[in-house]
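J.: Hey, dropping model.cif in here, mmCIF, C-alpha atoms:
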data_target
loop_
_atom_site.label_atom_id
_atom_site.label_comp_id
_atom_site.auth_asym_id
_atom_site.auth_seq_id
_atom_site.Cartn_x
_atom_site.Cartn_y
_atom_site.Cartn_z
CA MET U 1 -6.17 24.56 0.66
CA ASN U 2 -8.65 21.92 -0.50
CA LEU U 3 -8.47 20.73 -4.09
CA SER U 4 -11.44 21.15 -6.38
CA GLN U 5 -13.19 18.17 -7.91
CA GLN U 6 -11.67 19.02 -11.29
CA GLN U 7 -8.15 19.08 -9.82
CA VAL U 8 -8.70 15.74 -8.15
CA CYS U 9 -9.89 14.33 -11.49
CA ILE U 10 -6.71 15.59 -13.16
CA ILE U 11 -4.58 13.81 -10.55
CA ARG U 12 -6.67 10.66 -10.91
CA SER U 13 -6.25 10.69 -14.71
CA ILE U 14 -2.46 10.87 -14.30
CA ILE U 15 -2.58 7.88 -11.94
CA ASP U 16 -4.84 5.95 -14.35
CA GLN U 17 -2.26 6.40 -17.11
CA ALA U 18 0.38 4.70 -14.97
CA GLN U 19 0.62 0.93 -14.80
CA LEU U 20 -0.83 0.57 -11.32
CA THR U 21 -2.76 -2.69 -11.25
CA LEU U 22 -3.87 -2.75 -7.60
CA PRO U 23 -7.00 -0.63 -6.91
CA SER U 24 -5.94 -0.09 -3.30
CA LEU U 25 -2.53 1.15 -4.48
CA LYS U 26 -4.21 3.64 -6.82
CA ASP U 27 -6.31 4.99 -3.96
CA ASP U 28 -3.28 5.31 -1.68
CA VAL U 29 -1.28 7.13 -4.35
CA LEU U 30 -4.22 9.45 -5.05
CA ASP U 31 -4.61 10.34 -1.37
CA HIS U 32 -0.90 10.91 -0.94
CA LEU U 33 -0.59 13.04 -4.06
CA CYS U 34 -3.60 15.16 -3.11
CA CYS U 35 -2.12 15.81 0.34
CA LEU U 36 1.25 16.76 -1.16
CA VAL U 37 -0.33 19.08 -3.73
CA GLU U 38 -2.52 20.78 -1.12
CA LYS U 39 0.47 21.31 1.14
CA LYS U 40 2.50 22.88 -1.66
CA MET U 41 -0.42 25.07 -2.79
CA ASP U 42 -0.71 26.38 0.78
CA SER U 43 2.73 27.91 0.31
CA GLY U 44 1.46 29.96 -2.64
CA LYS U 45 2.39 27.74 -5.58
CA SER U 46 0.07 27.09 -8.50
CA PHE U 47 -1.73 23.78 -8.92
CA GLU U 48 0.41 22.79 -11.93
CA ASP U 49 3.70 23.52 -10.18
CA SER U 50 2.52 21.80 -6.99
CA LEU U 51 1.44 18.72 -8.93
CA ASN U 52 4.75 18.46 -10.81
CA GLU U 53 6.76 18.84 -7.59
CA ALA U 54 4.55 16.33 -5.79
CA LEU U 55 5.05 13.78 -8.57
CA GLU U 56 8.79 14.39 -8.45
CA ASP U 57 8.87 13.98 -4.67
CA LEU U 58 6.71 10.86 -4.62
CA ALA U 59 8.10 9.03 -7.66
CA PRO U 60 11.15 10.60 -9.35
CA ASP U 61 11.29 7.67 -11.80
CA GLY U 62 7.57 7.74 -12.53
CA LEU U 63 4.52 6.22 -10.88
CA ASP U 64 5.24 2.88 -12.57
CA GLU U 65 8.19 2.52 -10.19
CA ILE U 66 5.75 2.34 -7.27
CA GLN U 67 4.04 -0.65 -8.87
CA ARG U 68 7.37 -2.40 -9.46
CA GLU U 69 8.44 -1.84 -5.85
CA THR U 70 5.06 -3.08 -4.60
CA ASP U 71 5.26 -6.21 -6.75
CA LEU U 72 8.79 -6.87 -5.50
CA LEU U 73 7.69 -6.51 -1.88
CA LEU U 74 4.66 -8.77 -2.33
CA HIS U 75 6.77 -11.34 -4.20
CA SER U 76 9.41 -11.39 -1.47
CA ASN U 77 6.71 -11.87 1.19
CA ILE U 78 5.17 -14.74 -0.76
CA ILE U 79 8.59 -16.36 -1.23
CA SER U 80 9.31 -16.07 2.52
CA MET U 81 5.94 -17.63 3.38
CA LYS U 82 6.50 -20.46 0.90
CA LYS U 83 9.97 -21.14 2.31
CA LEU U 84 8.56 -21.37 5.84
CA MET U 85 5.58 -23.46 4.75
CA TYR U 86 7.58 -26.02 2.78
CA SER U 87 10.31 -26.14 5.43
CA VAL U 88 7.67 -27.10 8.00
CA GLY U 89 6.24 -29.68 5.58
CA LEU U 90 9.69 -31.15 4.94
CA ALA U 91 10.62 -31.30 8.63
CA THR U 92 7.35 -32.95 9.65
CA SER U 93 7.51 -35.45 6.78
CA ILE U 94 11.08 -36.41 7.73
CA SER U 95 10.00 -36.78 11.35
CA ILE U 96 7.12 -39.10 10.44
CA THR U 97 9.23 -41.17 8.01
CA MET U 98 12.17 -41.60 10.39
CA GLY U 99 9.79 -42.28 13.27
CA LEU U 100 8.08 -45.08 11.34
CA MET U 101 11.43 -46.59 10.45
CA MET U 102 12.56 -46.48 14.09
CA LYS U 103 9.29 -48.05 15.25
CA ILE U 104 9.63 -50.90 12.74
CA LEU U 105 13.20 -51.50 13.91
CA HIS U 106 12.09 -51.20 17.58
CA MET U 107 14.44 -48.30 18.17
CA PRO U 108 13.76 -45.89 21.06
CA GLY U 109 12.12 -42.57 20.21
CA GLY U 110 10.35 -43.79 17.08
CA GLU U 111 6.83 -43.39 18.45
CA GLU U 112 7.56 -39.86 19.70
CA LEU U 113 8.92 -38.83 16.30
CA VAL U 114 5.82 -40.14 14.53
CA ASN U 115 3.40 -38.54 16.98
CA TYR U 116 5.01 -35.12 17.15
CA GLY U 117 5.76 -35.10 13.42
CA PHE U 118 2.14 -35.91 12.61
CA LEU U 119 0.89 -33.35 15.15
CA SER U 120 3.07 -30.62 13.63
CA PHE U 121 1.98 -31.61 10.13
CA VAL U 122 -1.74 -31.29 10.77
CA LEU U 123 -1.61 -28.28 13.11
CA LEU U 124 1.06 -26.24 11.27
CA PHE U 125 1.59 -27.32 7.67
CA LEU U 126 -1.99 -28.06 6.64
CA PRO U 127 -3.43 -24.72 7.89
CA MET U 128 -0.55 -22.84 6.24
CA ILE U 129 -1.01 -24.46 2.84
CA THR U 130 -4.80 -24.02 3.06
CA ILE U 131 -4.41 -20.29 3.72
CA HIS U 132 -1.92 -20.06 0.86
CA LEU U 133 -4.30 -21.77 -1.58
CA TYR U 134 -7.16 -19.44 -0.64
CA LYS U 135 -4.98 -16.34 -0.92
CA THR U 136 -3.61 -17.27 -4.33
CA GLY U 137 -7.06 -18.17 -5.65
CA SER U 138 -6.09 -21.76 -6.46
CA VAL U 139 -9.34 -22.99 -4.90
CA LYS U 140 -12.21 -21.57 -6.97
CA LEU U 141 -14.97 -24.16 -7.28
CA SER U 142 -17.46 -24.54 -4.43
CA HIS U 143 -16.89 -28.28 -3.99
CA GLN U 144 -13.13 -27.66 -3.81
CA LYS U 145 -13.65 -25.10 -1.05
CA PHE U 146 -15.84 -27.48 0.93
CA LYS U 147 -13.31 -30.24 0.38
CA MET U 148 -10.56 -28.03 1.81
CA VAL U 149 -12.74 -27.13 4.80
CA PHE U 150 -13.59 -30.77 5.56
CA GLY U 151 -9.98 -31.79 5.05
CA ILE U 152 -8.60 -29.20 7.46
CA LEU U 153 -11.32 -29.92 10.04
CA SER U 154 -10.66 -33.64 9.98
CA ALA U 155 -6.90 -33.04 10.21
CA LEU U 156 -7.33 -30.65 13.15
CA CYS U 157 -9.60 -33.09 15.01
CA THR U 158 -7.14 -35.94 14.43
CA GLY U 159 -4.24 -33.73 15.48
CA MET U 160 -6.01 -32.70 18.67
CA ALA U 161 -6.74 -36.34 19.40
CA VAL U 162 -3.04 -37.14 19.13
CA PHE U 163 -2.24 -34.10 21.28
CA PHE U 164 -4.66 -35.18 24.02
CA LYS U 165 -3.27 -38.70 23.92
CA LEU U 166 0.32 -37.48 24.22
CA THR U 167 -0.21 -34.95 26.98
CA ILE U 168 -2.98 -35.75 29.40
CA SER U 169 -4.46 -38.96 27.97
CA LEU U 170 -8.01 -37.65 28.14
CA ASP U 171 -10.91 -39.80 27.09
CA ALA U 172 -11.70 -36.95 24.69
CA SER U 173 -8.88 -38.14 22.45
CA GLY U 174 -10.95 -41.12 21.29
CA MET U 175 -13.95 -38.90 20.58
CA MET U 176 -11.81 -36.37 18.67
CA LEU U 177 -10.31 -39.20 16.61
CA MET U 178 -13.80 -40.49 15.76
CA ILE U 179 -14.97 -37.02 14.75
CA GLY U 180 -11.87 -36.44 12.62
CA ALA U 181 -12.17 -39.81 10.89
CA SER U 182 -15.90 -39.26 10.28
CA ILE U 183 -15.39 -35.82 8.74
CA PHE U 184 -12.61 -37.20 6.57
CA SER U 185 -14.64 -40.23 5.46
CA PHE U 186 -18.01 -38.58 4.85
CA GLY U 187 -16.95 -35.01 4.05
CA PHE U 188 -13.51 -34.82 2.47
CA LEU U 189 -13.38 -38.14 0.58
CA PRO U 190 -16.78 -37.84 -1.21
CA LEU U 191 -15.93 -34.33 -2.42
CA HIS U 192 -12.43 -35.43 -3.41
CA PHE U 193 -13.70 -38.29 -5.54
CA LEU U 194 -16.49 -36.08 -6.93
CA GLY U 195 -13.82 -33.69 -8.15
CA MET U 196 -11.84 -36.57 -9.67
CA TYR U 197 -14.99 -37.83 -11.42
CA ARG U 198 -15.90 -34.41 -12.85
CA LYS U 199 -12.34 -33.93 -14.07
CA SER U 200 -12.32 -37.34 -15.81
CA VAL U 201 -15.71 -36.68 -17.47
CA ALA U 202 -14.61 -33.25 -18.71
CA GLN U 203 -11.55 -34.68 -20.47
#
Please lay out the structure from this file as C-alpha cells.

T.:
Amino acid sequence: MNLSQQQVCIIRSIIDQAQLTLPSLKDDVLDHLCCLVEKKMDSGKSFEDSLNEALEDLAPDGLDEIQRETDLLLHSNIISMKKLMYSVGLATSISITMGLMMKILHMPGGEELVNYGFLSFVLLFLPMITIHLYKTGSVKLSHQKFKMVFGILSALCTGMAVFFKLTISLDASGMMLMIGASIFSFGFLPLHFLGMYRKSVAQ
C-alpha cells in the first residue's frame, strides 16, 4: 500500500522534530520509515499503529539515537584516518631525520633512508593531509585552495623525480625535479606569502 502525500508529510514532520542534523540521514530515515509503515499497513493495520510500530522497530530509544550513533561512527572513522595519517607523517619524518644524521656521519644506509622517507612523505602523507583539510572544510579561501593544489603538485613532481632516480635513473627525473621546483617557487610560495601578507594586514 502506497502512502498518501499527507501521510508522508506526517512522517517527515516527526523526523524534523528529532535532532537529525545531516540532510542525507533525514532522507534515509524517511525512506526507511515509509517502507516499514507501508509494509505494516499491507497486513491490515492502521496508519497510526503502523507508524508507532515502525518508530519502535527503527529507533526504540527515539530518532535522536540514530544521530548519536551516526556521529559516533563518523567520529571513529575520522580518528582512525587521523591516526593513520599522523603515523605516516611521523614515520617518514623519523626516516628523513635519521637518514640525514647517518649521511652526515657517513654511515651506510643514510641516503636510502632520506630518499625513501622523503618519497613516502610526499606521495603518502601530503595527499592524505590535503584530502583531510578539504573534507573538514579547513581550506575555504580561493587562494588557500590554489596554494594547496600547487603545493601538492610540486610535492608529487619532486617525489616522482626521486622515485625515477632511485629506480630506473631516467633522464625524466631531472625534468620532473625542475617542474616540481618551478611549481613550488612560482605557484605555492607566492600564494603562501600572499596569505601571510593578508593575515598581517587584517590584524

J.: Could you tell me which of U:Phe118, U:Glu53, U:Leu58, U:His132 comes closest to Leu84 (chain U) if we count all atoms listed in the file?

T.: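 When distances to Leu84 (chain U) are compared using all atoms listed in the file, the smallest one comes from U:His132.
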
J.: Quick one: distance from CA of Pro108 (chain U) to CA of Ser93 (chain U) in Å, one decimal?

T.: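 Value for the CA of Pro108 (chain U)-CA of Ser93 (chain U) distance: 18.8 Å.
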
J.: Rank nothing, just name the residue among U:Phe193, U:Tyr86, U:Phe186, U:Phe121 nearest to Thr158 (chain U), using only C-alpha atoms.

T.: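 Closest candidate: U:Phe121.
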
J.: In terms of the shortest atom-to-atom distance over only C-alpha atoms, which of U:Lys103, U:Lys82, U:Arg198, U:Arg68 is closest to Leu25 (chain U)?

T.: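 Using only C-alpha atoms, the shortest distance to Leu25 (chain U) belongs to U:Arg68.
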
J.: Using the chain letters and residue numbers of this document, give as a ChimeraX atom specification the residues selected by the PyMOL selection byres ((chain U and resi 63) around 12).

T.: /U:11,14-21,25-26,29-30,33,54-62,64-70

J.: Please work out which residues fall within 12 Å of (-10.3, -28.5, 14.7), coordinates as given in the file, with only C-alpha atoms counting, and return them as a PyMOL selection string.

T.: chain U and resi 122-123+126-127+149-161+163+176-177+179-180+183

J.: What's the 12 Å shell around Gly109 (chain U), counting all atoms listed in the file, without same-chain residues fewer than 6 positions away, as JSON, numbers by chain?

T.: {"U": [95, 96, 98, 99, 100, 101, 102, 103, 115, 116, 117]}

J.: How far is it from CA of Ser80 (chain U) to CA of His32 (chain U), in Å with one decimal?

T.: 29.1 Å

J.: If I take CA of Thr97 (chain U) and CA of Leu124 (chain U), how far is one from the other in Å, to one decimal?

T.: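 Here the two named atoms are 17.3 Å from each other.
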
J.: I'd like the box whose edges run along x, y and z of the file and which contains every listed atom of region 183-191 of chain U, padded by 3 Å per side; could you state its centre and edge lengths in Å, one decimal, as lines of an AutoDock Vina configuration file?

T.:
center_x = -15.3
center_y = -37.3
center_z = 3.2
size_x = 11.4
size_y = 11.9
size_z = 17.2

J.: Nearest to Cys9 (chain U): which of U:Cys34, U:Phe146, U:Ser120, U:Ser24 is it, counting all atoms listed in the file?

T.: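 Of all the options, U:Cys34 lies closest to Cys9 (chain U).
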